[in-house]
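Text of final17.tsv (TSV, C-alpha atoms) as supplied:
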chain	number	residue	atom	x	y	z
A	9	MET	CA	0.00	0.00	0.00
A	10	THR	CA	1.32	3.43	-0.87
A	11	ALA	CA	2.04	6.28	1.46
A	12	ASP	CA	-0.21	8.61	-0.49
A	13	SER	CA	-3.54	7.34	-1.77
A	14	VAL	CA	-5.72	9.51	-3.92
A	15	SER	CA	-9.23	10.29	-2.80
A	16	PRO	CA	-12.09	8.60	-4.65
A	17	LEU	CA	-13.62	10.47	-7.55
A	18	PRO	CA	-17.03	12.12	-7.31
A	19	ARG	CA	-20.12	10.44	-8.65
A	20	SER	CA	-20.78	10.97	-12.33
A	21	SER	CA	-24.23	9.36	-12.29
A	22	ALA	CA	-26.98	8.40	-9.88
A	23	PRO	CA	-25.45	6.09	-7.24
A	24	ARG	CA	-26.74	2.62	-6.56
A	25	GLU	CA	-28.38	2.26	-3.17
A	26	ALA	CA	-26.25	0.17	-0.82
A	27	PRO	CA	-27.85	-2.93	0.74
A	28	ALA	CA	-28.98	-2.46	4.33
A	29	ALA	CA	-26.31	-4.88	5.59
A	30	VAL	CA	-23.56	-2.81	3.93
A	31	THR	CA	-24.99	0.41	5.33
A	32	ALA	CA	-25.00	-1.09	8.83
A	33	MET	CA	-21.42	-2.32	8.35
A	34	VAL	CA	-20.22	1.12	7.35
A	35	ARG	CA	-22.02	2.72	10.29
A	36	LEU	CA	-20.10	0.47	12.67
A	37	ILE	CA	-16.84	1.36	10.94
A	38	ARG	CA	-17.46	5.10	11.07
A	39	ASP	CA	-18.60	5.07	14.68
A	40	SER	CA	-15.58	3.06	15.83
A	41	TRP	CA	-13.18	5.19	13.78
A	42	ALA	CA	-14.57	8.37	15.36
A	43	LYS	CA	-13.50	6.95	18.71
A	44	SER	CA	-10.08	5.93	17.38
A	45	GLU	CA	-9.07	8.96	15.32
A	46	PRO	CA	-7.78	11.09	18.25
A	47	TYR	CA	-5.13	8.40	18.74
A	48	ILE	CA	-3.99	8.22	15.11
A	49	ALA	CA	-0.31	8.70	16.00
A	50	ASP	CA	-0.29	5.74	18.41
A	51	ILE	CA	-2.42	3.63	16.08
A	52	SER	CA	-0.06	4.33	13.19
A	53	GLN	CA	3.01	3.41	15.22
A	54	PHE	CA	1.41	0.13	16.31
A	55	PHE	CA	0.24	-0.54	12.72
A	56	TYR	CA	3.69	-0.21	11.15
A	57	GLY	CA	5.33	-2.28	13.87
A	58	MET	CA	2.80	-5.06	13.32
A	59	LEU	CA	3.00	-4.82	9.52
A	60	PHE	CA	6.79	-5.03	9.40
A	61	THR	CA	6.70	-8.00	11.78
A	62	LEU	CA	4.10	-9.88	9.73
A	63	ALA	CA	5.62	-9.02	6.34
A	64	PRO	CA	9.20	-7.69	6.72
A	65	THR	CA	9.57	-7.09	2.97
A	66	THR	CA	6.91	-4.35	3.12
A	67	ARG	CA	9.46	-2.13	4.89
A	68	ASP	CA	11.06	-1.58	1.47
A	69	PHE	CA	7.83	0.04	0.23
A	70	PHE	CA	8.28	3.03	2.53
A	71	PRO	CA	10.84	5.83	2.98
A	72	ILE	CA	13.75	5.34	5.34
A	73	ASN	CA	12.50	8.16	7.54
A	74	MET	CA	9.09	6.95	8.72
A	75	GLU	CA	8.37	10.32	10.32
A	76	ILE	CA	7.56	11.51	6.80
A	77	GLN	CA	4.97	8.77	6.58
A	78	ARG	CA	3.10	9.65	9.79
A	79	GLY	CA	-0.53	8.51	9.64
A	80	ARG	CA	-1.04	8.75	5.89
A	81	LEU	CA	-1.50	5.07	5.12
A	82	VAL	CA	-3.79	4.37	8.07
A	83	ARG	CA	-5.98	7.35	7.16
A	84	ALA	CA	-6.08	6.25	3.52
A	85	LEU	CA	-7.08	2.71	4.48
A	86	VAL	CA	-9.84	3.98	6.74
A	87	HIS	CA	-11.08	6.33	4.02
A	88	ILE	CA	-11.31	3.39	1.62
A	89	VAL	CA	-13.20	1.03	3.90
A	90	GLN	CA	-15.64	3.81	4.81
A	91	MET	CA	-16.59	4.03	1.13
A	92	VAL	CA	-17.76	0.45	0.60
A	93	ASP	CA	-21.39	1.59	0.63
A	94	ARG	CA	-20.65	3.75	-2.44
A	95	PRO	CA	-19.55	1.18	-5.04
A	96	ASP	CA	-19.98	3.50	-8.03
A	97	ASP	CA	-17.41	5.84	-6.50
A	98	LEU	CA	-15.11	3.27	-4.98
A	99	ALA	CA	-14.80	0.54	-7.62
A	100	PRO	CA	-13.02	2.62	-10.32
A	101	PHE	CA	-10.73	4.10	-7.70
A	102	LEU	CA	-9.78	0.70	-6.29
A	103	ARG	CA	-9.07	-0.67	-9.76
A	104	GLN	CA	-6.68	2.20	-10.40
A	105	LEU	CA	-5.10	1.83	-6.97
A	106	GLY	CA	-4.59	-1.90	-7.43
A	107	ARG	CA	-2.79	-1.36	-10.73
A	108	ASP	CA	-0.70	1.42	-9.20
A	109	HIS	CA	0.53	-0.82	-6.37
A	110	ARG	CA	2.14	-3.24	-8.79
A	111	LYS	CA	5.15	-0.90	-8.90
A	112	PHE	CA	6.03	-2.01	-5.33
A	113	GLY	CA	5.83	-5.71	-6.06
A	114	VAL	CA	2.75	-6.07	-3.87
A	115	VAL	CA	1.40	-9.65	-3.73
A	116	PRO	CA	-1.71	-11.10	-2.03
A	117	ARG	CA	0.08	-11.92	1.25
A	118	HIS	CA	0.93	-8.21	1.62
A	119	TYR	CA	-2.78	-7.30	1.52
A	120	GLU	CA	-3.44	-9.91	4.20
A	121	ALA	CA	-0.67	-8.47	6.39
A	122	VAL	CA	-1.97	-4.92	5.95
A	123	GLY	CA	-5.50	-5.95	6.91
A	124	THR	CA	-4.32	-7.90	9.93
A	125	ALA	CA	-2.12	-5.01	11.11
A	126	LEU	CA	-4.93	-2.48	10.67
A	127	LEU	CA	-7.45	-4.50	12.65
A	128	ALA	CA	-4.91	-5.30	15.37
A	129	SER	CA	-4.04	-1.62	15.74
A	130	LEU	CA	-7.66	-0.57	16.11
A	131	LYS	CA	-8.41	-3.39	18.52
A	132	ASN	CA	-5.41	-2.44	20.65
A	133	HIS	CA	-6.72	1.11	21.09
A	134	LEU	CA	-10.47	0.56	21.19
A	135	GLY	CA	-10.41	-2.03	23.99
A	136	ARG	CA	-13.94	-2.95	25.01
A	137	GLU	CA	-15.38	-0.92	22.15
A	138	TRP	CA	-13.87	-3.49	19.75
A	139	THR	CA	-16.81	-5.90	19.69
A	140	PRO	CA	-17.13	-8.97	17.45
A	141	GLU	CA	-19.60	-6.99	15.31
A	142	VAL	CA	-17.14	-4.12	14.86
A	143	GLU	CA	-14.32	-6.51	14.00
A	144	ARG	CA	-16.48	-8.30	11.43
A	145	ALA	CA	-17.44	-5.00	9.82
A	146	TRP	CA	-13.83	-3.86	9.43
A	147	ALA	CA	-12.70	-7.26	8.18
A	148	GLU	CA	-15.46	-7.54	5.58
A	149	ALA	CA	-14.95	-3.99	4.28
A	150	PHE	CA	-11.20	-4.41	3.97
A	151	THR	CA	-11.66	-7.75	2.20
A	152	ILE	CA	-13.97	-6.16	-0.38
A	153	ALA	CA	-11.47	-3.39	-1.09
A	154	ALA	CA	-8.43	-5.69	-1.18
A	155	ARG	CA	-10.11	-8.16	-3.52
A	156	ALA	CA	-10.99	-5.39	-6.01
A	157	MET	CA	-7.41	-4.12	-5.97
A	158	GLN	CA	-5.92	-7.59	-6.43
A	159	ASP	CA	-8.25	-8.43	-9.30
A	160	ALA	CA	-7.30	-5.22	-11.11
A	161	ALA	CA	-3.60	-5.83	-10.55
A	162	ALA	CA	-3.86	-9.39	-11.86
A	163	SER	CA	-5.60	-8.28	-15.06
A	164	ASP	CA	-3.16	-5.47	-15.95
A	165	THR	CA	-0.83	-6.30	-18.85
A	166	ASN	CA	1.21	-3.06	-18.71
A	167	PRO	CA	4.59	-2.83	-16.94
A	168	PRO	CA	4.37	-2.15	-13.19
A	169	SER	CA	6.38	1.06	-13.73
A	170	TRP	CA	8.42	2.93	-16.31
A	171	SER	CA	11.90	4.47	-16.18
A	172	ALA	CA	12.21	7.97	-17.63
A	173	THR	CA	15.29	10.14	-18.13
A	174	VAL	CA	15.25	13.88	-17.46
A	175	VAL	CA	16.23	15.76	-20.62
A	176	GLU	CA	15.41	19.29	-19.42
A	177	HIS	CA	15.04	21.05	-16.09
A	178	ARG	CA	14.21	24.74	-16.24
A	179	ARG	CA	13.27	27.10	-13.42
A	180	LEU	CA	10.26	29.18	-14.45
A	181	THR	CA	10.24	31.08	-11.15
A	182	TRP	CA	12.18	30.68	-7.91
A	183	ASP	CA	9.75	27.99	-6.70
A	184	LEU	CA	8.52	26.51	-9.98
A	185	ALA	CA	10.26	24.23	-12.47
A	186	LEU	CA	9.45	22.68	-15.83
A	187	VAL	CA	10.81	19.14	-16.18
A	188	ARG	CA	10.83	17.16	-19.43
A	189	LEU	CA	11.48	13.43	-19.48
A	190	VAL	CA	11.68	10.70	-22.07
A	191	PRO	CA	10.53	7.26	-20.80
A	192	ASP	CA	12.28	4.06	-21.85
A	193	GLN	CA	8.97	3.13	-23.51
A	194	PRO	CA	5.80	5.20	-23.98
A	195	VAL	CA	3.55	5.55	-20.94
A	196	PRO	CA	-0.06	4.84	-22.02
A	197	TYR	CA	-1.70	7.82	-20.35
A	198	HIS	CA	-4.66	9.82	-21.58
A	199	PRO	CA	-4.61	13.64	-21.53
A	200	GLY	CA	-5.85	14.75	-18.12
A	201	GLN	CA	-4.51	11.77	-16.19
A	202	TYR	CA	-1.72	11.82	-13.61
A	203	VAL	CA	1.04	9.43	-12.58
A	204	SER	CA	3.01	8.72	-9.42
A	205	VAL	CA	6.71	9.56	-9.60
A	206	GLU	CA	9.79	8.58	-7.63
A	207	VAL	CA	12.89	10.75	-8.01
A	208	PRO	CA	16.48	9.73	-7.15
A	209	GLN	CA	16.84	12.54	-4.59
A	210	ARG	CA	13.91	11.13	-2.54
A	211	PRO	CA	13.81	7.32	-2.92
A	212	ARG	CA	10.57	5.58	-1.88
A	213	LEU	CA	8.72	8.89	-1.58
A	214	TRP	CA	6.19	8.61	-4.39
A	215	ARG	CA	4.19	11.68	-5.33
A	216	TYR	CA	1.53	12.38	-7.97
A	217	LEU	CA	2.19	14.69	-10.93
A	218	SER	CA	0.11	15.48	-14.00
A	219	PRO	CA	1.65	15.52	-17.49
A	220	ALA	CA	1.13	18.96	-19.04
A	221	ASN	CA	1.13	17.64	-22.60
A	222	ALA	CA	-0.79	15.10	-24.63
A	223	PRO	CA	1.11	11.91	-25.54
A	224	ARG	CA	3.79	12.54	-28.16
A	225	GLU	CA	5.40	10.31	-30.75
A	226	ASP	CA	8.69	10.31	-28.85
A	227	GLY	CA	6.88	9.53	-25.57
A	228	GLY	CA	8.14	12.76	-23.98
A	229	ILE	CA	6.35	14.00	-20.86
A	230	GLU	CA	6.42	17.51	-19.40
A	231	PHE	CA	5.72	18.21	-15.73
A	232	HIS	CA	5.21	21.56	-13.98
A	233	VAL	CA	6.29	21.33	-10.34
A	234	ARG	CA	5.97	23.97	-7.64
A	235	ALA	CA	7.95	23.64	-4.41
A	236	ILE	CA	5.56	23.73	-1.49
A	237	ASP	CA	6.31	24.32	2.18
A	238	GLY	CA	7.31	21.05	3.78
A	239	GLY	CA	7.24	19.30	0.43
A	240	TRP	CA	10.17	16.90	0.48
A	241	VAL	CA	9.69	15.75	-3.10
A	242	SER	CA	8.54	18.97	-4.78
A	243	ARG	CA	11.40	20.98	-3.27
A	244	ALA	CA	13.92	18.36	-4.36
A	245	ILE	CA	12.55	18.40	-7.91
A	246	VAL	CA	12.62	22.18	-8.21
A	247	SER	CA	16.04	22.67	-6.60
A	248	HIS	CA	18.07	19.56	-7.39
A	249	THR	CA	16.79	17.78	-10.50
A	250	GLN	CA	19.37	17.60	-13.30
A	251	PRO	CA	19.35	16.30	-16.88
A	252	GLY	CA	20.31	12.64	-16.85
A	253	ASP	CA	18.40	11.86	-13.64
A	254	VAL	CA	16.29	8.73	-13.96
A	255	TRP	CA	12.78	8.83	-12.52
A	256	ARG	CA	10.31	5.99	-12.03
A	257	LEU	CA	6.73	6.55	-13.17
A	258	GLY	CA	3.73	4.58	-11.97
A	259	PRO	CA	0.64	3.66	-14.00
A	260	PRO	CA	-1.66	6.45	-15.21
A	261	LEU	CA	-4.55	7.34	-12.90
A	262	GLY	CA	-7.52	9.68	-13.01
A	263	ARG	CA	-10.57	10.26	-15.17
A	264	LEU	CA	-10.50	13.91	-16.22
A	265	THR	CA	-11.56	13.97	-19.85
A	266	VAL	CA	-13.47	15.89	-22.52
A	267	ALA	CA	-15.82	14.16	-24.95
A	268	ARG	CA	-15.04	15.80	-28.30
A	269	GLU	CA	-18.20	14.46	-29.92
A	270	SER	CA	-20.46	15.98	-27.26
A	271	SER	CA	-22.62	18.99	-28.05
A	272	ARG	CA	-22.12	20.29	-24.50
A	273	GLY	CA	-19.80	23.15	-23.74
A	274	VAL	CA	-16.76	22.70	-21.51
A	275	LEU	CA	-15.80	24.77	-18.47
A	276	MET	CA	-12.27	24.32	-17.11
A	277	VAL	CA	-11.20	25.79	-13.78
A	278	ALA	CA	-7.49	25.63	-12.98
A	279	GLY	CA	-5.50	26.92	-10.03
A	280	GLY	CA	-1.70	27.23	-10.23
A	281	THR	CA	0.02	24.08	-11.48
A	282	GLY	CA	-3.43	22.48	-11.54
A	283	VAL	CA	-3.52	23.82	-15.09
A	284	ALA	CA	-1.19	20.99	-16.19
A	285	PRO	CA	-3.78	18.21	-16.79
A	286	LEU	CA	-6.17	20.67	-18.44
A	287	ARG	CA	-3.33	21.94	-20.64
A	288	ALA	CA	-2.71	18.33	-21.70
A	289	ILE	CA	-6.37	18.01	-22.69
A	290	LEU	CA	-6.21	21.30	-24.63
A	291	ASP	CA	-3.00	20.13	-26.28
A	292	HIS	CA	-4.87	17.05	-27.46
A	293	LEU	CA	-7.97	18.95	-28.59
A	294	ALA	CA	-5.81	21.33	-30.64
A	295	LEU	CA	-5.12	18.46	-33.04
A	296	TRP	CA	-8.63	19.02	-34.42
A	297	GLY	CA	-10.13	22.12	-35.96
A	298	GLU	CA	-13.55	21.71	-34.36
A	299	ASN	CA	-14.13	21.05	-30.67
A	300	PRO	CA	-16.71	21.82	-27.99
A	301	LYS	CA	-16.71	25.47	-26.97
A	302	THR	CA	-14.28	25.57	-24.05
A	303	HIS	CA	-13.86	28.30	-21.44
A	304	LEU	CA	-10.80	28.09	-19.18
A	305	PHE	CA	-10.61	30.12	-15.96
A	306	TYR	CA	-6.98	30.14	-14.86
A	307	GLY	CA	-6.27	31.66	-11.48
A	308	GLY	CA	-3.87	32.27	-8.63
A	309	PRO	CA	-3.15	34.70	-5.81
A	310	ALA	CA	-1.27	37.16	-8.06
A	311	ARG	CA	-0.34	37.74	-11.69
A	312	GLU	CA	3.05	36.06	-11.35
A	313	ASP	CA	1.36	32.82	-10.28
A	314	LEU	CA	-0.19	32.45	-13.74
A	315	TYR	CA	3.08	31.17	-15.19
A	316	ASP	CA	1.49	29.51	-18.23
A	317	LEU	CA	-0.85	32.34	-19.22
A	318	GLU	CA	0.96	33.51	-22.35
A	319	GLU	CA	1.19	29.95	-23.71
A	320	LEU	CA	-2.53	29.48	-23.10
A	321	ARG	CA	-3.37	32.78	-24.75
A	322	ALA	CA	-1.30	31.79	-27.78
A	323	LEU	CA	-3.23	28.52	-27.94
A	324	ALA	CA	-6.54	30.38	-27.76
A	325	ALA	CA	-5.45	32.79	-30.50
A	326	THR	CA	-5.19	29.93	-32.99
A	327	ASN	CA	-8.16	27.90	-31.73
A	328	PRO	CA	-11.45	29.85	-31.85
A	329	TRP	CA	-13.23	27.20	-29.77
A	330	LEU	CA	-11.08	28.16	-26.73
A	331	ASN	CA	-11.47	31.18	-24.46
A	332	VAL	CA	-9.08	31.89	-21.57
A	333	THR	CA	-9.97	34.11	-18.60
A	334	PRO	CA	-7.21	34.84	-16.07
A	335	VAL	CA	-8.19	35.36	-12.44
A	336	VAL	CA	-6.14	36.96	-9.64
A	337	GLU	CA	-7.02	37.31	-5.97
A	338	ARG	CA	-4.96	40.43	-5.36
A	339	GLY	CA	-3.09	43.09	-7.25
A	340	GLY	CA	-5.84	45.55	-8.11
A	341	ASP	CA	-7.74	45.88	-11.36
A	342	VAL	CA	-5.80	44.45	-14.27
A	343	PRO	CA	-7.35	44.79	-17.73
A	344	GLY	CA	-8.59	41.45	-18.98
A	345	PHE	CA	-8.37	39.81	-15.55
A	346	GLU	CA	-11.19	38.73	-13.24
A	347	GLN	CA	-10.73	39.64	-9.59
A	348	GLY	CA	-11.25	37.31	-6.62
A	349	THR	CA	-10.97	33.59	-6.07
A	350	LEU	CA	-11.64	31.12	-8.85
A	351	ALA	CA	-14.82	30.07	-7.05
A	352	GLU	CA	-16.05	33.66	-7.05
A	353	ALA	CA	-15.06	34.35	-10.64
A	354	VAL	CA	-16.66	31.26	-12.12
A	355	THR	CA	-19.96	31.55	-10.25
A	356	ARG	CA	-20.41	35.16	-11.36
A	357	TYR	CA	-21.49	33.58	-14.63
A	358	GLY	CA	-24.12	31.40	-12.98
A	359	ALA	CA	-24.45	27.61	-12.81
A	360	TRP	CA	-23.04	26.83	-16.27
A	361	PRO	CA	-25.94	24.64	-17.42
A	362	GLY	CA	-25.22	22.52	-20.47
A	363	HIS	CA	-21.49	22.36	-19.64
A	364	ASP	CA	-19.14	19.64	-18.53
A	365	ILE	CA	-17.02	21.14	-15.73
A	366	LEU	CA	-13.41	20.14	-14.99
A	367	VAL	CA	-11.76	21.49	-11.83
A	368	SER	CA	-8.04	21.07	-11.12
A	369	GLY	CA	-5.79	22.52	-8.46
A	370	SER	CA	-4.94	22.13	-4.80
A	371	PRO	CA	-7.34	20.13	-2.61
A	372	ALA	CA	-8.43	23.36	-0.88
A	373	MET	CA	-9.08	25.09	-4.21
A	374	ILE	CA	-11.07	22.11	-5.48
A	375	ARG	CA	-13.21	21.96	-2.32
A	376	ALA	CA	-13.94	25.69	-2.38
A	377	THR	CA	-14.74	25.80	-6.09
A	378	VAL	CA	-16.91	22.69	-6.20
A	379	SER	CA	-18.82	23.72	-3.07
A	380	ARG	CA	-19.54	27.20	-4.39
A	381	MET	CA	-20.60	25.88	-7.79
A	382	LEU	CA	-23.04	23.47	-6.18
A	383	VAL	CA	-24.53	26.34	-4.17
A	384	ALA	CA	-24.77	28.37	-7.39
A	385	GLY	CA	-26.84	25.61	-8.97
A	386	SER	CA	-24.36	23.44	-10.85
A	387	ALA	CA	-25.19	19.75	-10.69
A	388	LEU	CA	-22.68	17.34	-9.17
A	389	ASP	CA	-22.84	15.10	-12.23
A	390	GLN	CA	-21.57	18.02	-14.34
A	391	ILE	CA	-18.33	18.24	-12.36
A	392	GLN	CA	-15.15	16.21	-12.70
A	393	TYR	CA	-12.12	16.51	-10.44
A	394	ASP	CA	-9.22	14.34	-9.37
A	395	PRO	CA	-8.16	15.28	-5.83
A	396	PHE	CA	-4.88	13.70	-4.77
A	397	THR	CA	-2.07	14.21	-2.32
A	398	ILE	CA	0.44	16.51	-3.97
A	399	ASP	CA	3.27	16.24	-1.43

Same coordinates, now as structure tokens:
Amino acid sequence: MTADSVSPLPRSSAPREAPAAVTAMVRLIRDSWAKSEPYIADISQFFYGMLFTLAPTTRDFFPINMEIQRGRLVRALVHIVQMVDRPDDLAPFLRQLGRDHRKFGVVPRHYEAVGTALLASLKNHLGREWTPEVERAWAEAFTIAARAMQDAAASDTNPPSWSATVVEHRRLTWDLALVRLVPDQPVPYHPGQYVSVEVPQRPRLWRYLSPANAPREDGGIEFHVRAIDGGWVSRAIVSHTQPGDVWRLGPPLGRLTVARESSRGVLMVAGGTGVAPLRAILDHLALWGENPKTHLFYGGPAREDLYDLEELRALAATNPWLNVTPVVERGGDVPGFEQGTLAEAVTRYGAWPGHDILVSGSPAMIRATVSRMLVAGSALDQIQYDPFTID
């Protein structure tokens, strides 16, 4: 299991109603977790000790400094098992996650060890609250999730991971870098997807990045990486990556996409480097002369945060189906710029009926934008987003 698991995607259609037994199971899980969560640090420490005792080889899946790991995996596991009553959301996510874990060499006995360690950790801290009914609920939910992941992993015919060599590293600003790589063989990603990466400066610390270009004949991939506070991987990439470095890339994940044949318009909302997957989609659409009418709102705190604005404007100048609106939160009135947050700017135009909506950026930006759009009248099934841990 990885240190950083992406959050499940939102529903894109009416969900199936969970059976009563599953609903009751999830209620037991959520109630018992609410009692356990204040002790996440102790639970995590017990979990890793138990896991490494049961399956010593799993230690190689994690960074040398386990302080970096903290409670990420335990929280991710709990988040997954709490979703078993939402199969339409969870199933695609688990299939992706199962394929992604092949890069570690995960085998069925590792899933068994993880499940055993998780239940033992919770039992150790819940005491009398850990009843046979609670234990059965956790065990059944974890088994459902683990089976879906293993089935997906077993059916995948792609390599577990790809090696890619850095051919360019360029600082765009003091905290932002453009990195171009050429994989040893093409990575079969679709525009809008993301991949996990491991860099030589931070071994075993996998992080998710989105290609900023559509697949090319030479297989080249471009990433835009901003160094964030406390970001071990992002800071290493921005400050220390050099041409010739060899990265490892995990399988493509995510479902952001645009249906070219649709008569619906497209609204894209991008914050900071969240523009990368949307730029990859636009790069792909630009291969055709006719596309759905697309409006991109591209925002950040200040003008200098919109590092890709001129490239996007150049793309719009040659593609009449594309309109780009820059948004800044501060800096006064700037001609051609909307003022305020992306959530404020987009909802000034209403609910965007008849549009497919793609939102990409930091988890906080996604939450704020999606929430405000729902209040403004946008329907949840209009909106796509891929929230994931960025560092």

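With all atoms listed in the file as the atoms that count, the residue of A:Pro64, A:Pro194, A:Pro27, A:Pro211 with the shortest distance to Arg94 (chain A) is A:Pro27.
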
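Nearest to Pro309 (chain A) of all the residues A:Leu126, A:Glu45, A:Met373, A:Arg287 is A:Met373, based on all atoms listed in the file.
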
Atomic separation - CA of Arg117 (chain A) relative to CA of Ala63 (chain A), Å |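 Here the two named atoms are 8.1 Å from each other.
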
Residues at most 8 Å from region 330-347 of chain A, counting only C-alpha atoms, excluding those fewer than 2 positions away in the same chain, as a PyMOL selection string? chain A and resi 301-311+314+317+320-321+323-324+327-328+349-350+353

Have a look at A:Leu366, A:Met276, A:Val89, A:Ala372 and name the one nearest to Ile152 (chain A); count only C-alpha atoms.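 Ranking A:Leu366, A:Met276, A:Val89, A:Ala372 by distance to Ile152 (chain A), first place goes to A:Val89.
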
**Study point:** Non-local contacts of Ile37 (chain A) (8 Å; all atoms listed in the file; under 2 positions in same chain excluded) as a list in words
**Key:** Met33, Val34, Arg35, Asp39, Ser40, Trp41, Val89, Gln90, Val142, Ala145 and Trp146 of chain A

Go ahead and write the selection's residues with C-alpha atoms as a JSON list (two decimals), in the frame of the given file.
[["chain", "number", "residue", "atom", "x", "y", "z"],
["A", 33, "MET", "CA", -21.42, -2.32, 8.35],
["A", 34, "VAL", "CA", -20.22, 1.12, 7.35],
["A", 35, "ARG", "CA", -22.02, 2.72, 10.29],
["A", 39, "ASP", "CA", -18.60, 5.07, 14.68],
["A", 40, "SER", "CA", -15.58, 3.06, 15.83],
["A", 41, "TRP", "CA", -13.18, 5.19, 13.78],
["A", 89, "VAL", "CA", -13.20, 1.03, 3.90],
["A", 90, "GLN", "CA", -15.64, 3.81, 4.81],
["A", 142, "VAL", "CA", -17.14, -4.12, 14.86],
["A", 145, "ALA", "CA", -17.44, -5.00, 9.82],
["A", 146, "TRP", "CA", -13.83, -3.86, 9.43]]

| message | Please determine, counting all atoms listed in the file, which residue among A:Ile229, A:Ala288, A:Leu36, A:Val246 has the shortest atom-to-atom distance to Val190 (chain A). | response |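 Going through A:Ile229, A:Ala288, A:Leu36, A:Val246 one by one, the smallest distance to Val190 (chain A) is for A:Ile229.
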
(request) Using all atoms listed in the file, determine which residues lie at most 12 Å from Gly200 (chain A), disregarding the query and same-chain residues fewer than 6 positions distant; provide the list as number ranges by chain. (result) A: 217-223, 260-266, 276, 282-293, 366-368, 392-394

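You will find CA of Leu189 (chain A) at 10.5 Å from CA of Leu257 (chain A).
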
Q.
What's around region 46-55 of chain A at 8 Å? Count all atoms listed in the file, leave out sequence neighbours fewer than 3 positions away in its own chain, and write the answer as a PyMOL selection string.
A. chain A and resi 42-43+58-59+78-79+82+125-126+128-130+133

Please provide as a VMD selection string all residues within 7 Å of Val254 (chain A), with the sequence filter that same-chain residues fewer than 4 positions apart are discarded (counting only C-alpha atoms). chain A and resid 171 to 174 208

Handout entry: Distance in Å - CA of Gly135 (chain A) versus CA of Glu120 (chain A)
Key =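 Separation of CA of Gly135 (chain A) and CA of Glu120 (chain A): 22.4 Å.
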